[in-house]
file my_file_24.txt (compact mmCIF, C-alpha atoms)
# COMPACT_ATOMS: atom_id res chain seq x y z
CA MET A 1 90.65 147.74 98.45
CA SER A 2 92.86 149.47 95.93
CA ASN A 3 93.21 148.26 92.37
CA SER A 4 96.90 147.62 92.88
CA SER A 5 96.34 145.18 95.71
CA CYS A 6 93.51 143.44 93.83
CA GLY A 7 95.26 143.32 90.49
CA SER A 8 97.45 140.50 89.32
CA SER A 9 98.96 138.56 92.18
CA GLU A 10 101.78 137.32 89.96
CA LEU A 11 105.27 138.06 91.11
CA GLU A 12 106.44 140.50 88.47
CA ILE A 13 110.02 139.38 89.04
CA CYS A 14 109.04 135.90 87.77
CA ARG A 15 106.78 136.98 84.94
CA ASP A 16 107.85 135.69 81.53
CA ASP A 17 105.13 135.40 78.88
CA SER A 18 107.20 133.40 76.40
CA ALA A 19 108.43 130.85 78.95
CA ALA A 20 104.94 130.62 80.45
CA LEU A 21 103.45 129.81 77.03
CA ASN A 22 105.95 127.00 76.47
CA LEU A 23 105.20 125.56 79.89
CA LYS A 24 101.46 125.73 79.20
CA LEU A 25 101.91 123.65 76.04
CA ILE A 26 103.88 121.10 78.04
CA ALA A 27 101.16 121.13 80.71
CA ILE A 28 98.44 120.48 78.13
CA ALA A 29 100.28 117.43 76.77
CA SER A 30 101.23 116.09 80.21
CA ILE A 31 97.79 116.53 81.78
CA LEU A 32 96.06 115.09 78.71
CA PHE A 33 98.31 112.03 78.81
CA GLY A 34 97.78 111.56 82.56
CA GLY A 35 94.01 111.78 82.20
CA ILE A 36 93.88 109.33 79.30
CA ILE A 37 96.03 106.75 81.10
CA GLY A 38 94.11 107.14 84.35
CA ILE A 39 90.65 106.67 82.87
CA ALA A 40 91.75 103.97 80.41
CA ILE A 41 93.20 101.56 83.00
CA PRO A 42 89.88 100.53 84.64
CA ILE A 43 87.88 100.75 81.39
CA ILE A 44 90.27 98.51 79.45
CA GLY A 45 91.15 96.43 82.50
CA LYS A 46 87.56 95.22 82.95
CA HIS A 47 88.11 93.02 79.89
CA ARG A 48 91.17 91.46 81.52
CA HIS A 49 91.09 88.90 84.28
CA PHE A 50 93.30 90.89 86.67
CA LEU A 51 90.89 93.86 86.91
CA LYS A 52 87.45 92.41 86.33
CA THR A 53 84.71 94.46 87.96
CA ASP A 54 83.55 91.53 90.09
CA GLY A 55 87.01 90.73 91.47
CA ASN A 56 88.58 91.66 94.80
CA LEU A 57 91.36 93.59 93.09
CA PHE A 58 88.84 95.91 91.50
CA VAL A 59 87.14 96.47 94.88
CA ALA A 60 90.49 97.47 96.40
CA ALA A 61 91.28 99.73 93.44
CA LYS A 62 87.87 101.33 93.76
CA ALA A 63 88.56 102.00 97.46
CA PHE A 64 91.75 103.82 96.45
CA ALA A 65 89.76 105.85 93.92
CA ALA A 66 87.13 106.70 96.54
CA GLY A 67 89.87 108.09 98.79
CA VAL A 68 91.12 110.20 95.89
CA ILE A 69 87.65 111.63 95.24
CA LEU A 70 87.06 112.35 98.94
CA ALA A 71 90.39 114.18 99.28
CA THR A 72 89.70 116.09 96.09
CA GLY A 73 86.44 117.39 97.52
CA PHE A 74 87.62 118.23 101.03
CA VAL A 75 91.27 119.22 100.58
CA HIS A 76 91.42 120.68 97.08
CA MET A 77 88.01 122.07 96.19
CA LEU A 78 86.54 123.14 99.52
CA SER A 79 89.73 124.82 100.68
CA ALA A 80 90.14 126.59 97.34
CA ALA A 81 86.54 127.76 97.52
CA SER A 82 87.00 129.11 101.05
CA GLU A 83 90.16 130.92 99.99
CA ALA A 84 88.49 132.49 96.95
CA LEU A 85 85.33 133.57 98.77
CA SER A 86 87.28 135.04 101.69
CA ASP A 87 89.70 136.97 99.47
CA PRO A 88 90.14 140.61 100.55
CA CYS A 89 89.38 141.72 97.00
CA LEU A 90 85.73 140.71 97.46
CA PRO A 91 83.39 143.29 99.02
CA GLU A 92 82.67 142.85 102.69
CA TYR A 93 78.95 142.50 102.07
CA PRO A 94 77.75 139.83 101.58
CA TRP A 95 80.88 137.67 101.27
CA LYS A 96 82.34 138.41 104.70
CA LYS A 97 79.01 138.06 106.52
CA PHE A 98 78.31 134.41 105.82
CA PRO A 99 80.32 131.19 105.22
CA PHE A 100 79.24 130.78 101.62
CA SER A 101 81.74 128.04 100.74
CA GLY A 102 80.28 125.59 103.27
CA PHE A 103 76.74 126.64 102.41
CA PHE A 104 77.14 126.05 98.68
CA ALA A 105 78.86 122.71 99.34
CA MET A 106 76.00 121.63 101.60
CA MET A 107 73.38 122.66 99.05
CA ALA A 108 75.28 120.83 96.31
CA SER A 109 75.29 117.66 98.42
CA LEU A 110 71.54 117.88 99.00
CA LEU A 111 70.84 118.61 95.35
CA THR A 112 73.08 115.67 94.38
CA LEU A 113 70.99 113.46 96.66
CA LEU A 114 67.86 114.66 94.86
CA LEU A 115 69.45 114.21 91.44
CA ASP A 116 70.68 110.76 92.47
CA PHE A 117 67.17 109.74 93.48
CA VAL A 118 65.41 111.24 90.45
CA GLY A 119 68.00 109.82 88.05
CA THR A 120 67.70 106.34 89.53
CA GLN A 121 63.89 106.48 89.37
CA TYR A 122 64.05 107.65 85.76
CA TYR A 123 66.36 104.85 84.64
CA GLU A 124 64.34 102.28 86.59
CA ARG A 125 61.15 103.29 84.85
CA LYS A 126 62.82 103.54 81.46
CA GLN A 127 64.37 100.11 81.89
CA GLY A 128 61.10 98.71 83.16
CA LEU A 129 59.14 99.97 80.17
CA ASN A 130 61.70 98.54 77.76
CA LYS A 131 61.94 95.16 79.48
CA ALA A 132 58.41 94.61 80.81
CA SER A 133 56.94 92.74 77.85
CA GLU A 134 60.12 90.74 77.32
CA GLU A 135 60.28 89.71 80.98
CA ARG A 136 56.62 88.69 81.08
CA VAL A 137 57.01 86.51 78.02
CA ARG A 138 60.18 84.89 79.39
CA VAL A 139 58.83 84.29 82.89
CA GLY A 140 55.53 83.08 81.47
CA SER A 141 57.27 80.51 79.29
CA MET A 142 59.21 79.24 82.30
CA ASP A 143 56.00 78.89 84.29
CA THR A 144 54.40 76.99 81.43
CA ASN A 145 57.15 74.38 81.57
CA SER A 146 56.91 74.06 85.35
CA GLY A 147 53.12 74.06 85.21
CA ARG A 148 53.08 71.04 82.92
CA GLU A 149 54.79 69.01 85.62
CA SER A 150 52.41 70.14 88.36
CA GLY A 151 49.27 69.89 86.23
CA GLY A 152 48.58 73.63 85.93
CA ILE A 153 50.06 76.98 85.08
CA MET A 154 51.05 79.31 87.92
CA PRO A 155 50.12 82.97 87.26
CA ILE A 156 52.95 85.40 86.80
CA VAL A 157 51.92 87.43 89.83
CA GLU A 158 52.35 84.35 92.03
CA VAL A 159 55.85 83.85 90.67
CA LYS A 160 56.78 87.32 91.88
CA GLU A 161 55.16 86.80 95.28
CA LEU A 162 56.00 83.20 96.03
CA ASN A 163 59.08 82.76 93.90
CA GLY A 164 57.98 79.27 93.00
CA SER A 165 59.66 77.02 90.48
CA SER A 166 60.67 79.87 88.22
CA GLY A 167 64.40 80.38 87.91
CA LYS A 168 64.26 84.20 87.97
CA VAL A 169 62.15 86.94 89.50
CA PHE A 170 60.88 89.90 87.56
CA GLY A 171 63.73 92.34 87.05
CA GLU A 172 66.55 89.81 86.90
CA GLU A 173 68.70 89.98 83.79
CA GLU A 174 69.99 87.12 81.67
CA HIS A 175 73.61 87.69 82.68
CA GLY A 176 72.81 87.44 86.37
CA GLY A 177 72.45 91.07 87.45
CA MET A 178 69.18 92.37 88.81
CA HIS A 179 67.36 95.64 88.28
CA ILE A 180 66.79 97.61 91.45
CA VAL A 181 63.05 96.92 91.55
CA GLY A 182 63.45 93.18 91.20
CA MET A 183 66.40 93.07 93.60
CA HIS A 184 64.52 94.89 96.37
CA ALA A 185 61.47 92.64 95.97
CA HIS A 186 63.61 89.51 96.01
CA ALA A 187 65.56 90.72 99.04
CA ALA A 188 62.49 91.72 101.05
CA GLN A 189 60.76 88.37 100.55
CA HIS A 190 63.71 86.17 101.48
CA THR A 191 65.54 88.01 104.24
CA HIS A 192 63.51 86.28 106.94
CA ASN A 193 64.54 82.73 106.06
CA HIS A 194 68.28 83.24 105.74
CA PRO A 195 70.95 83.14 108.46
CA HIS A 196 72.97 86.13 109.60
CA GLY A 197 76.49 86.64 110.93
CA GLN A 198 79.05 83.96 110.20
CA ASP A 199 76.38 81.59 108.90
CA ALA A 200 75.35 84.23 106.38
CA CYS A 201 78.97 84.62 105.27
CA ASP A 202 79.28 80.85 104.93
CA GLY A 203 76.11 80.85 102.90
CA LEU A 204 77.47 83.64 100.72
CA VAL A 205 80.56 81.63 99.85
CA SER A 206 78.53 78.47 99.42
CA SER A 207 76.05 80.15 97.10
CA ARG A 208 78.82 81.38 94.85
CA ASP A 209 80.45 77.99 94.52
CA HIS A 210 77.49 75.62 94.92
CA GLY A 211 74.35 77.50 93.89
CA HIS A 212 72.63 74.26 92.85
CA GLU A 213 73.12 72.66 96.31
CA HIS A 214 71.65 75.69 98.10
CA GLY A 215 68.31 75.20 96.37
CA SER A 216 67.70 71.53 97.28
CA GLY A 217 64.65 72.46 99.34
CA HIS A 218 63.17 74.81 96.76
CA GLY A 219 63.86 73.07 93.49
CA HIS A 220 67.02 73.06 91.42
CA GLU A 221 66.07 75.98 89.19
CA HIS A 222 65.09 78.25 92.08
CA GLY A 223 68.20 77.29 94.00
CA SER A 224 70.50 78.50 91.27
CA ALA A 225 68.79 81.86 90.99
CA HIS A 226 68.45 82.07 94.77
CA GLY A 227 72.14 81.43 95.31
CA HIS A 228 73.09 84.01 92.76
CA GLY A 229 70.63 86.58 94.06
CA HIS A 230 72.02 86.36 97.57
CA GLY A 231 75.61 86.05 96.55
CA HIS A 232 75.50 89.22 94.52
CA GLY A 233 72.08 90.80 95.07
CA LEU A 234 71.70 90.98 98.83
CA GLY A 235 75.41 91.33 99.48
CA GLU A 236 76.07 94.11 97.07
CA GLY A 237 72.55 94.99 95.92
CA ASP A 238 72.75 98.56 94.75
CA VAL A 239 76.49 98.36 94.08
CA GLU A 240 76.04 95.64 91.48
CA SER A 241 73.06 97.32 89.84
CA GLY A 242 73.86 98.70 86.43
CA LEU A 243 71.23 101.39 86.84
CA ARG A 244 72.88 102.76 89.96
CA HIS A 245 76.30 102.84 88.31
CA VAL A 246 74.89 104.76 85.35
CA VAL A 247 73.63 107.51 87.65
CA VAL A 248 76.76 107.49 89.84
CA SER A 249 79.17 107.76 86.93
CA GLN A 250 77.26 110.60 85.29
CA ILE A 251 76.98 112.69 88.47
CA LEU A 252 80.60 111.99 89.36
CA GLU A 253 81.74 113.17 85.95
CA LEU A 254 79.68 116.34 86.38
CA GLY A 255 81.50 117.17 89.62
CA ILE A 256 84.96 116.35 88.29
CA VAL A 257 84.54 118.17 84.99
CA SER A 258 83.30 121.36 86.64
CA HIS A 259 86.39 121.40 88.84
CA SER A 260 88.68 120.56 85.92
CA VAL A 261 87.52 123.66 84.06
CA ILE A 262 88.50 125.84 87.03
CA ILE A 263 91.98 124.38 87.54
CA GLY A 264 92.69 124.49 83.80
CA LEU A 265 91.55 128.10 83.57
CA SER A 266 93.63 129.08 86.59
CA LEU A 267 96.78 127.63 85.07
CA GLY A 268 96.03 129.09 81.65
CA VAL A 269 95.75 132.69 82.80
CA SER A 270 99.00 132.55 84.77
CA GLN A 271 102.03 134.22 83.18
CA SER A 272 104.51 133.11 85.84
CA PRO A 273 106.80 130.12 85.14
CA CYS A 274 107.40 129.95 88.90
CA THR A 275 103.71 129.18 89.36
CA ILE A 276 103.19 126.93 86.34
CA ARG A 277 106.24 124.70 86.67
CA PRO A 278 105.24 122.86 89.90
CA LEU A 279 101.64 122.65 88.73
CA ILE A 280 102.50 120.52 85.70
CA ALA A 281 103.50 117.43 87.66
CA ALA A 282 100.93 117.97 90.41
CA LEU A 283 98.00 118.39 88.03
CA SER A 284 99.15 115.45 85.89
CA PHE A 285 98.98 113.15 88.91
CA HIS A 286 95.75 114.87 89.96
CA GLN A 287 94.20 114.11 86.58
CA PHE A 288 95.50 110.53 86.62
CA PHE A 289 93.95 109.73 90.01
CA GLU A 290 90.63 111.37 89.17
CA GLY A 291 90.55 109.54 85.84
CA PHE A 292 91.14 106.24 87.58
CA ALA A 293 88.26 106.90 89.98
CA LEU A 294 85.87 107.95 87.23
CA GLY A 295 86.94 105.12 84.94
CA GLY A 296 86.13 102.59 87.64
CA CYS A 297 82.56 103.87 87.91
CA ILE A 298 82.15 104.01 84.13
CA SER A 299 83.38 100.44 83.72
CA GLN A 300 80.81 99.19 86.24
CA ALA A 301 78.00 101.10 84.53
CA GLN A 302 78.32 98.86 81.43
CA PHE A 303 77.82 101.70 78.95
CA LYS A 304 77.98 101.04 75.25
CA THR A 305 81.34 101.60 73.62
CA LEU A 306 80.36 104.96 72.11
CA SER A 307 78.99 106.32 75.39
CA THR A 308 82.08 105.15 77.28
CA ALA A 309 84.36 106.82 74.73
CA ILE A 310 82.42 110.09 74.90
CA MET A 311 82.54 110.23 78.71
CA ALA A 312 86.24 109.36 78.77
CA CYS A 313 87.08 111.99 76.15
CA CYS A 314 85.05 114.68 77.92
CA PHE A 315 87.00 114.07 81.11
CA ALA A 316 90.40 113.85 79.43
CA ILE A 317 90.12 117.05 77.40
CA THR A 318 88.39 119.29 79.96
CA THR A 319 91.48 120.46 81.85
CA PRO A 320 93.64 120.92 78.71
CA ALA A 321 90.74 122.83 77.13
CA GLY A 322 90.55 125.01 80.23
CA ILE A 323 94.26 125.74 79.93
CA GLY A 324 93.79 126.70 76.28
CA ILE A 325 90.89 129.00 77.09
CA GLY A 326 92.83 130.58 79.94
CA THR A 327 95.81 131.17 77.66
CA ALA A 328 93.61 132.83 75.05
CA ILE A 329 92.01 135.25 77.51
CA SER A 330 95.03 135.82 79.75
CA SER A 331 95.74 139.24 78.25
CA PHE A 332 92.52 140.75 79.58
CA TYR A 333 91.29 138.28 82.23
CA ASN A 334 92.07 139.14 85.85
CA PRO A 335 91.68 136.08 88.09
CA ASN A 336 91.70 138.31 91.17
CA SER A 337 88.74 140.45 90.14
CA PRO A 338 85.68 140.16 92.41
CA ARG A 339 83.58 138.49 89.72
CA ALA A 340 86.26 135.92 88.90
CA LEU A 341 86.85 135.13 92.57
CA ALA A 342 83.13 134.76 93.27
CA ALA A 343 82.61 132.49 90.25
CA GLU A 344 85.62 130.35 91.12
CA GLY A 345 84.59 130.04 94.77
CA ILE A 346 81.00 129.12 93.99
CA LEU A 347 81.94 126.52 91.35
CA ASP A 348 84.57 124.96 93.61
CA SER A 349 82.08 124.82 96.50
CA LEU A 350 79.46 123.12 94.34
CA SER A 351 82.01 120.65 93.00
CA ALA A 352 83.21 119.89 96.54
CA GLY A 353 79.67 119.11 97.70
CA ILE A 354 79.04 116.83 94.74
CA LEU A 355 82.26 114.86 95.13
CA VAL A 356 82.06 114.54 98.92
CA TYR A 357 78.54 113.13 98.60
CA MET A 358 79.52 110.75 95.81
CA ALA A 359 82.62 109.54 97.65
CA LEU A 360 80.92 108.91 101.00
CA VAL A 361 77.52 107.62 99.84
CA ASP A 362 77.90 105.99 96.44
CA LEU A 363 81.49 104.77 96.64
CA ILE A 364 82.66 104.23 100.23
CA ALA A 365 79.40 103.34 102.02
CA ALA A 366 78.12 101.19 99.16
CA ASP A 367 81.26 99.01 99.16
CA PHE A 368 82.38 99.06 102.78
CA LEU A 369 78.94 98.24 104.19
CA SER A 370 78.32 95.42 101.74
CA LYS A 371 78.04 91.75 102.67
CA ARG A 372 81.02 90.96 100.48
CA MET A 373 83.26 93.26 102.49
CA SER A 374 81.99 92.16 105.91
CA CYS A 375 82.55 88.50 105.03
CA ASN A 376 86.14 88.91 103.84
CA PHE A 377 88.54 90.18 106.51
CA ARG A 378 91.53 90.29 104.16
CA LEU A 379 89.55 92.37 101.68
CA GLN A 380 88.54 94.71 104.51
CA VAL A 381 92.15 95.33 105.53
CA VAL A 382 93.36 95.86 101.97
CA SER A 383 90.43 98.12 101.08
CA TYR A 384 90.87 100.33 104.13
CA CYS A 385 94.58 100.63 103.46
CA MET A 386 93.89 101.57 99.84
CA LEU A 387 91.23 104.07 100.93
CA PHE A 388 93.61 105.89 103.27
CA LEU A 389 96.44 105.63 100.75
CA GLY A 390 94.35 107.26 98.03
CA ALA A 391 93.16 110.01 100.35
CA GLY A 392 96.69 110.61 101.65
CA LEU A 393 98.36 110.78 98.24
CA MET A 394 95.71 113.09 96.83
CA SER A 395 95.87 115.31 99.90
CA SER A 396 99.67 115.59 99.62
CA LEU A 397 99.29 117.06 96.12
CA ALA A 398 97.75 120.13 97.76
CA ILE A 399 101.31 121.15 98.70
CA TRP A 400 101.94 121.98 95.05
CA ALA A 401 98.45 122.45 93.58
call {"tool": "encode", "arguments": {"input": "my_file_24.txt", "output": "structure tokens"}}
result
Amino acid sequence: MSNSSCGSSELEICRDDSAALNLKLIAIASILFGGIIGIAIPIIGKHRHFLKTDGNLFVAAKAFAAGVILATGFVHMLSAASEALSDPCLPEYPWKKFPFSGFFAMMASLLTLLLDFVGTQYYERKQGLNKASEERVRVGSMDTNSGRESGGIMPIVEVKELNGSSGKVFGEEEHGGMHIVGMHAHAAQHTHNHPHGQDACDGLVSSRDHGHEHGSGHGHEHGSAHGHGHGHGLGEGDVESGLRHVVVSQILELGIVSHSVIIGLSLGVSQSPCTIRPLIAALSFHQFFEGFALGGCISQAQFKTLSTAIMACCFAITTPAGIGIGTAISSFYNPNSPRALAAEGILDSLSAGILVYMALVDLIAADFLSKRMSCNFRLQVVSYCMLFLGAGLMSSLAIWA
């Protein structure tokens, strides 16, 4: 392949360095604004009644965001990776002998599964070490009060196994959420004595509204915790777990940020106003939708204010920073060189694998297979419509970017 055919693919008739620089400055401001607004809506909205993380509106909005992430992985990243790794400027061996884009995406999905598992285990153990002594003291004091009525003190281990008169099992938090370890134990020990199908849905609604009535056969204190555990623990178990959302939000940001660097760099090195102009609007909407999806996961993770601000800022500034870097190196950087094409293709493939896994496993499956969704037909219809709407709108942006 000659150097002329693998040089700059810009249309020389449309090349204008001065106009391109002005458009890049506009793109930085527009994309930065779109990213800030997108990620701020769910983070700020969780403090408002209309977008609380435990409301149906948030579930529907999260379904829209999941569609956006899925379309980003399949339509934007994977296709861009295939195009880059099949470019004629790359040498025939090894790039033409093997479908590297699909392979790297597959490996990224498997590695994300491993990282997801290891990260969850790490946070479980860390949380367990920090809370173990506190939980034992709290549960022990509860058993002391109940033991005075029955003439003895029940050991803590029996509370975990029998779930006696104690109001909470080990792992349950004060505000009602449960750690993964405690939730799984609670779920495994009580699945056998609860109805399924429509009766289970009726019980789910009843437990949310009348938790104290549900526990008449087990004691008032156990009934309240039992109703809450099955209203939110069994129905949405892992989805409601703060530990899971911590891992999900961090991995999701990793995939989005790595892609944002590539699209920012690609725009920054371009010297053609004909190429940059349509990208400004497309990438602004692109950044808005991705920010909304990531912000929803961050808001559910219940990070501290500083951590939330850091994650939001990292997302918002990544693409504008990529544009700035691309502008600075545009005089000597050739995006159509074999090394640049290989790097872009590999990074896009890895990002595609990460986001496809996150969208299907941690966002779509976790919500759409939950008890809450199966027991609310109206929420099912709205969520599916929002899912397809998000995927469709994000896919349509591929016409321009």
call {"tool": "residues_around", "arguments": {"input": "my_file_24.txt", "residues": "Met311 (chain A)", "least_positions_apart": "6", "cutoff": "9 Å", "atoms": "only C-alpha atoms", "output": "ChimeraX atom specification"}}
result
/A:250,253,298
call {"tool": "write_last_selection", "arguments": {"input": "my_file_24.txt", "atoms": "C-alpha atoms", "output": "tab-separated table (two decimals), in the coordinates of the input"}}
result
chain	number	residue	atom	x	y	z
A	250	GLN	CA	77.26	110.60	85.29
A	253	GLU	CA	81.74	113.17	85.95
A	298	ILE	CA	82.15	104.01	84.13
call {"tool": "closest_residue", "arguments": {"input": "my_file_24.txt", "among": "A:Gly268, A:Gly291, A:Gly34, A:Gly67", "to": "Leu363 (chain A)", "atoms": "only C-alpha atoms"}}
result
A:Gly67
call {"tool": "residues_around", "arguments": {"input": "my_file_24.txt", "residues": "Leu360 (chain A)", "least_positions_apart": "3", "cutoff": "10 Å", "atoms": "only C-alpha atoms", "output": "ChimeraX atom specification"}}
result
/A:66-67,69-70,355-357,363-366
call {"tool": "atom_distance", "arguments": {"input": "my_file_24.txt", "atom1": "CA of Ala63 (chain A)", "atom2": "CA of Ser383 (chain A)"}}
result
5.6 Å
call {"tool": "closest_residue", "arguments": {"input": "my_file_24.txt", "among": "A:Ser330, A:Asn376, A:Ser370, A:Ser395", "to": "Lys24 (chain A)", "atoms": "all atoms listed in the file"}}
result
A:Ser330
call {"tool": "atom_distance", "arguments": {"input": "my_file_24.txt", "atom1": "CA of Ala391 (chain A)", "atom2": "CA of Thr72 (chain A)"}}
result
8.2 Å
call {"tool": "closest_residue", "arguments": {"input": "my_file_24.txt", "among": "A:Ala29, A:Ala65, A:Leu90, A:Asn56", "to": "Ala343 (chain A)", "atoms": "only C-alpha atoms"}}
result
A:Leu90
